[in-house]
Amino acid sequence: MIAPGAVIGILGGGQLGRMMALAAAQLGYTAHVYAPEPRAESVAAQVSADYTQGAYDDEDALAAFAAQVAVVTYEFENVAAAPLAAITRHAPLHPPARALEVAQDRVNEKTFVEALGGRPAPWQQVDSADDLARAVAAIGAPGILKTRRDGYDGKGQWRIRDAADAAGLDLPSTPLIYEGFVTFFGEFSVILVRGQDGTVQFWDSARNEHVDGILARSTVPAPAGIAAQVPAARALAQKVAEALDYVGVLTLEFFATEDGPVFNEMAPRVHNSGHWSIEGALASQFENHVRAILSLPLGSTALVSAGAVMDNLIGDQADQWPALLAEPANHLHLYGKAETRAGRKMGHVTRLVG
Ligand code: AMP
């Protein structure tokens, strides 16, 4: 156990790091954030004791940062895994770098999950127009062409309606993957925390609703049709965590289909679909992530009420803050972002049910 007073290093300067730092502060720890943007642009820095501006591949800067903290974690998975060896010479890194390598590349991720018995949408790697034509012929259309790396919130994705659509596409010069379109009746996520002794706990799975590829609402508990698929999805998530010797919070996203759960993607970190747990569970995803990486006992993931609904505030939706505050039962979170942009996550609001 790392005693209170210690410093937690966080790679990534966004709202997930901000909420981790707030959870760490509650338990008596401070945060030191490492991110490439200037300090004034990091919303995690606003609530953290220390900040290092550095590139994610600057090994000297990473090593100097790691030498100042008791443990390092990350809130952002698009960090190259190799330079992180500079960190592990000075401080433990949780979750492990291997989790990043797997999760940051859609081909690695799907291959890894398939080897553990998981079922993703049918997919093929695409590196040329010929590859794409072959993939559409083999898998069928409609489908979605995605960048293998650096995609989030529906960015780096192109819907393909038919072969003509594929042929007309001006392919980006980055590695891609073509996925068959999954017909689903709902989307949900499994969020677990794994401690250093191998203990695993799950939060209730949320039903997730996306608008334009961006999470709009998470609801717990999920309706019965989704709930029936959660045990199989949890079993897969636990296998993934164990295979990676994972420590911390891990998220897997699924499509609920008539044929059972189809794996969509994983995130080796706390997740937007778990923000409801700040007020809706005895211990939030942020608190238990902090506890796990410090080797503290985990808190209970049980619901504190009948359920919770979390709505993201995207772009100018956050301008509604006065009306949201006027409703006394709302738990409003604003991330402190100075600039409002379309599609940008500015905050969220959680309402407990029952
Ligand atoms: P992703 O960033 O891959 O999670 O995609 C964002 C959202 O796009 C998902 O949550 C789904 O709503 C939708 N989506 C992505 N891939 C597929 C697919 N293969 N079939 C159907 N919908 C998809």
# chains A, B, ... in the order shown; residues from 1 in each chain; ligands from 1
call {"tool": "residues_around", "arguments": {"residues": "His348 in chain A", "least_positions_apart": "2", "cutoff": "8 Å", "atoms": "only C-alpha atoms", "output": "ChimeraX atom specification"}}
result
/A:310-313,332-334,346,350
call {"tool": "write_last_selection", "arguments": {"atoms": "N, CA and C atoms", "output": "compact mmCIF listing (two decimals), in the first residue's frame"}}
result
# COMPACT_ATOMS: atom_id res chain seq x y z
N MET A 310 -26.76 9.40 -16.85
CA MET A 310 -25.72 10.41 -17.10
C MET A 310 -25.87 10.95 -18.50
N ASP A 311 -25.99 12.26 -18.63
CA ASP A 311 -26.04 12.89 -19.95
C ASP A 311 -24.76 13.68 -20.16
N ASN A 312 -24.12 13.46 -21.29
CA ASN A 312 -22.97 14.28 -21.63
C ASN A 312 -23.42 15.67 -22.07
N LEU A 313 -22.59 16.64 -21.79
CA LEU A 313 -22.84 18.00 -22.29
C LEU A 313 -21.80 18.24 -23.38
N LEU A 332 -24.02 18.29 -11.46
CA LEU A 332 -23.42 18.90 -12.65
C LEU A 332 -21.90 18.87 -12.54
N HIS A 333 -21.27 18.43 -13.61
CA HIS A 333 -19.81 18.43 -13.71
C HIS A 333 -19.43 19.23 -14.95
N LEU A 334 -18.66 20.28 -14.78
CA LEU A 334 -18.11 21.00 -15.93
C LEU A 334 -16.59 20.83 -15.88
N MET A 346 -17.80 18.85 -22.86
CA MET A 346 -17.57 19.99 -21.97
C MET A 346 -17.91 19.67 -20.52
N THR A 350 -25.44 14.08 -13.96
CA THR A 350 -25.95 12.77 -13.51
C THR A 350 -27.17 13.00 -12.61
call {"tool": "closest_atom_pairs", "arguments": {"of": "range 214-332 of chain A", "to": "range 16-30 of chain A", "cutoff": "7 Å", "atoms": "only C-alpha atoms", "output": "JSON lines"}}
result
{"residue": "A:Phe286", "atom": "CA", "partner": "A:Met20", "partner_atom": "CA", "distance": 5.1}
{"residue": "A:Glu287", "atom": "CA", "partner": "A:Ala23", "partner_atom": "CA", "distance": 5.1}
{"residue": "A:Val290", "atom": "CA", "partner": "A:Ala24", "partner_atom": "CA", "distance": 6.2}
call {"tool": "write_last_selection", "arguments": {"atoms": "all heavy atoms", "output": "CSV table (one decimal), in the first residue's frame"}}
result
chain,number,residue,atom,x,y,z
A,286,PHE,N,-13.3,6.3,-10.7
A,286,PHE,CA,-12.0,7.1,-10.5
A,286,PHE,C,-11.4,6.7,-9.1
A,286,PHE,O,-10.2,6.5,-9.0
A,286,PHE,CB,-12.3,8.6,-10.5
A,286,PHE,CG,-12.9,9.0,-11.8
A,286,PHE,CD1,-14.3,9.2,-12.0
A,286,PHE,CD2,-12.1,9.1,-12.9
A,286,PHE,CE1,-14.8,9.6,-13.2
A,286,PHE,CE2,-12.6,9.5,-14.2
A,286,PHE,CZ,-14.0,9.7,-14.3
A,287,GLU,N,-12.3,6.6,-8.1
A,287,GLU,CA,-11.7,6.2,-6.8
A,287,GLU,C,-11.1,4.8,-6.8
A,287,GLU,O,-10.0,4.6,-6.3
A,287,GLU,CB,-12.8,6.3,-5.7
A,287,GLU,CG,-12.3,5.9,-4.4
A,287,GLU,CD,-13.3,6.1,-3.2
A,287,GLU,OE1,-14.3,6.8,-3.3
A,287,GLU,OE2,-13.0,5.5,-2.1
A,290,VAL,N,-7.8,4.7,-8.6
A,290,VAL,CA,-6.7,5.2,-7.7
A,290,VAL,C,-6.4,4.2,-6.6
A,290,VAL,O,-5.2,3.9,-6.4
A,290,VAL,CB,-7.2,6.6,-7.1
A,290,VAL,CG1,-6.3,7.0,-5.9
A,290,VAL,CG2,-7.2,7.7,-8.1
call {"tool": "select_by_dssp", "arguments": {"residues": "range 188-322 of chain A", "states": "strand (DSSP E)", "output": "NGL selection string"}}
result
:A and (188-194 or 200-202 or 206-211 or 214-220 or 248-257 or 260-267 or 307-314)
call {"tool": "write_last_selection", "arguments": {"atoms": "C-alpha atoms", "output": "short mmCIF file (atom, residue, chain, number, x, y, z; two decimals), in the first residue's frame"}}
result
data_model
loop_
_atom_site.label_atom_id
_atom_site.label_comp_id
_atom_site.auth_asym_id
_atom_site.auth_seq_id
_atom_site.Cartn_x
_atom_site.Cartn_y
_atom_site.Cartn_z
CA PHE A 188 -23.48 -1.32 -23.35
CA SER A 189 -20.17 -1.29 -21.55
CA VAL A 190 -18.55 -3.48 -18.95
CA ILE A 191 -16.34 -1.57 -16.54
CA LEU A 192 -14.24 -3.50 -14.06
CA VAL A 193 -11.49 -2.76 -11.61
CA ARG A 194 -8.74 -5.26 -10.92
CA VAL A 200 -12.01 -8.13 -9.82
CA GLN A 201 -15.15 -6.07 -9.27
CA PHE A 202 -17.66 -4.84 -11.85
CA ALA A 206 -24.77 0.98 -18.49
CA ARG A 207 -26.85 1.12 -21.61
CA ASN A 208 -25.02 3.61 -23.82
CA GLU A 209 -26.69 5.78 -26.45
CA HIS A 210 -24.50 7.49 -29.04
CA VAL A 211 -25.33 10.44 -31.28
CA ILE A 214 -20.30 10.33 -29.49
CA LEU A 215 -21.69 9.00 -26.23
CA ALA A 216 -24.79 11.02 -25.35
CA ARG A 217 -26.37 9.09 -22.43
CA SER A 218 -25.51 6.21 -20.11
CA THR A 219 -28.26 4.58 -18.06
CA VAL A 220 -27.96 2.09 -15.19
CA GLY A 248 -6.81 -0.50 -12.52
CA VAL A 249 -10.06 0.21 -14.35
CA LEU A 250 -10.71 -1.49 -17.70
CA THR A 251 -13.63 -0.89 -20.06
CA LEU A 252 -15.02 -3.08 -22.83
CA GLU A 253 -17.82 -1.82 -25.10
CA PHE A 254 -20.34 -4.17 -26.66
CA PHE A 255 -23.22 -4.25 -29.11
CA ALA A 256 -26.24 -6.19 -27.81
CA THR A 257 -27.51 -8.24 -30.75
CA GLY A 260 -25.61 -12.16 -28.04
CA PRO A 261 -22.91 -9.63 -27.23
CA VAL A 262 -20.57 -8.47 -30.00
CA PHE A 263 -17.32 -6.88 -28.78
CA ASN A 264 -16.79 -3.36 -30.13
CA GLU A 265 -13.69 -1.97 -28.46
CA MET A 266 -11.78 -1.71 -25.22
CA ALA A 267 -10.27 1.18 -23.32
CA GLY A 307 -30.03 3.61 -10.75
CA ALA A 308 -28.58 6.64 -12.50
CA VAL A 309 -28.73 8.48 -15.79
CA MET A 310 -25.72 10.41 -17.10
CA ASP A 311 -26.04 12.89 -19.95
CA ASN A 312 -22.97 14.28 -21.63
CA LEU A 313 -22.84 18.00 -22.29
CA ILE A 314 -21.40 18.25 -25.78
#
call {"tool": "residues_around", "arguments": {"residues": "Ile293 in chain A", "least_positions_apart": "4", "cutoff": "10 Å", "atoms": "only C-alpha atoms", "output": "list of chain:residue names"}}
result
A:Met1, A:Ile2, A:Ile8, A:Ala70, A:Val71, A:Val72, A:Thr73, A:Pro92, A:Leu93, A:His94, A:Pro95, A:Arg194, A:Gly195, A:Gln196, A:Val247, A:Gly248, A:Val249, A:Asn288, A:His289
call {"tool": "write_last_selection", "arguments": {"atoms": "C-alpha atoms", "output": "compact mmCIF listing (two decimals), in the first residue's frame"}}
result
# COMPACT_ATOMS: atom_id res chain seq x y z
CA MET A 1 0.00 0.00 0.00
CA ILE A 2 1.28 3.43 -0.91
CA ILE A 8 0.31 9.94 -8.53
CA ALA A 70 5.16 7.07 -6.56
CA VAL A 71 3.18 5.44 -9.38
CA VAL A 72 2.22 6.32 -12.96
CA THR A 73 -1.11 5.76 -14.68
CA PRO A 92 5.45 1.27 -11.42
CA LEU A 93 3.09 1.79 -14.39
CA HIS A 94 -0.54 0.67 -14.01
CA PRO A 95 -2.29 -0.51 -16.15
CA ARG A 194 -8.74 -5.26 -10.92
CA GLY A 195 -6.58 -4.92 -7.82
CA GLN A 196 -2.94 -5.91 -7.47
CA VAL A 247 -4.26 -3.33 -12.56
CA GLY A 248 -6.81 -0.50 -12.52
CA VAL A 249 -10.06 0.21 -14.35
CA ASN A 288 -11.28 2.52 -7.38
CA HIS A 289 -8.76 3.16 -10.14
call {"tool": "residues_near_ligand", "arguments": {"ligand": "ligand 1", "cutoff": "7 Å", "atoms": "only C-alpha atoms and all ligand atoms", "output": "number ranges by chain"}}
result
A: 121, 143-144, 151-154, 179-183, 187, 210, 213-214, 264-265
call {"tool": "closest_residue", "arguments": {"among": "A:Gly12, A:Leu145, A:His275, A:Asp60", "to": "Glu41 in chain A", "atoms": "only C-alpha atoms"}}
result
A:Gly12
call {"tool": "residues_around", "arguments": {"residues": "Val79 in chain A", "least_positions_apart": "2", "cutoff": "8 Å", "atoms": "only C-alpha atoms", "output": "ChimeraX atom specification"}}
result
/A:56-57,76-77,81,100
call {"tool": "write_last_selection", "arguments": {"atoms": "all heavy atoms", "output": "mmCIF file, in the first residue's frame"}}
result
data_model
loop_
_atom_site.group_PDB
_atom_site.id
_atom_site.type_symbol
_atom_site.label_atom_id
_atom_site.label_comp_id
_atom_site.auth_asym_id
_atom_site.auth_seq_id
_atom_site.Cartn_x
_atom_site.Cartn_y
_atom_site.Cartn_z
ATOM 1 N N TYR A 56 4.815 12.638 -25.575
ATOM 2 C CA TYR A 56 4.649 11.271 -25.081
ATOM 3 C C TYR A 56 5.788 10.349 -25.513
ATOM 4 O O TYR A 56 5.858 9.215 -25.053
ATOM 5 C CB TYR A 56 3.303 10.695 -25.530
ATOM 6 C CG TYR A 56 2.116 11.348 -24.857
ATOM 7 C CD1 TYR A 56 1.047 11.827 -25.613
ATOM 8 C CD2 TYR A 56 2.043 11.484 -23.481
ATOM 9 C CE1 TYR A 56 -0.056 12.421 -25.011
ATOM 10 C CE2 TYR A 56 0.953 12.076 -22.862
ATOM 11 C CZ TYR A 56 -0.092 12.540 -23.640
ATOM 12 O OH TYR A 56 -1.174 13.131 -23.032
ATOM 13 N N ASP A 57 6.655 10.832 -26.412
ATOM 14 C CA ASP A 57 7.789 9.983 -26.806
ATOM 15 C C ASP A 57 9.125 10.578 -26.349
ATOM 16 O O ASP A 57 10.179 10.141 -26.795
ATOM 17 C CB ASP A 57 7.791 9.761 -28.323
ATOM 18 C CG ASP A 57 7.877 11.071 -29.081
ATOM 19 O OD1 ASP A 57 7.903 12.149 -28.433
ATOM 20 O OD2 ASP A 57 7.919 11.027 -30.325
ATOM 21 N N PHE A 76 -5.335 8.287 -21.160
ATOM 22 C CA PHE A 76 -5.375 8.522 -22.600
ATOM 23 C C PHE A 76 -4.610 7.381 -23.225
ATOM 24 O O PHE A 76 -3.486 7.103 -22.818
ATOM 25 C CB PHE A 76 -4.663 9.868 -22.836
ATOM 26 C CG PHE A 76 -4.458 10.272 -24.255
ATOM 27 C CD1 PHE A 76 -5.523 10.685 -25.015
ATOM 28 C CD2 PHE A 76 -3.194 10.242 -24.827
ATOM 29 C CE1 PHE A 76 -5.344 11.073 -26.324
ATOM 30 C CE2 PHE A 76 -3.003 10.624 -26.141
ATOM 31 C CZ PHE A 76 -4.093 11.042 -26.890
ATOM 32 N N GLU A 77 -5.220 6.638 -24.166
ATOM 33 C CA GLU A 77 -4.525 5.418 -24.593
ATOM 34 C C GLU A 77 -3.691 5.573 -25.853
ATOM 35 O O GLU A 77 -3.017 4.635 -26.247
ATOM 36 C CB GLU A 77 -5.484 4.241 -24.744
ATOM 37 C CG GLU A 77 -6.450 4.326 -25.889
ATOM 38 C CD GLU A 77 -7.782 4.867 -25.427
ATOM 39 O OE1 GLU A 77 -7.779 5.844 -24.640
ATOM 40 O OE2 GLU A 77 -8.812 4.346 -25.854
ATOM 41 N N ALA A 81 3.635 2.775 -26.723
ATOM 42 C CA ALA A 81 4.003 1.944 -25.576
ATOM 43 C C ALA A 81 5.515 1.925 -25.344
ATOM 44 O O ALA A 81 5.969 1.922 -24.191
ATOM 45 C CB ALA A 81 3.461 0.533 -25.766
ATOM 46 N N LEU A 100 -1.941 -0.939 -23.292
ATOM 47 C CA LEU A 100 -1.972 0.153 -24.275
ATOM 48 C C LEU A 100 -1.726 -0.380 -25.679
ATOM 49 O O LEU A 100 -2.427 -0.006 -26.620
ATOM 50 C CB LEU A 100 -0.849 1.150 -23.970
ATOM 51 C CG LEU A 100 -1.070 2.195 -22.917
ATOM 52 C CD1 LEU A 100 0.208 2.984 -22.728
ATOM 53 C CD2 LEU A 100 -2.177 3.123 -23.352
#
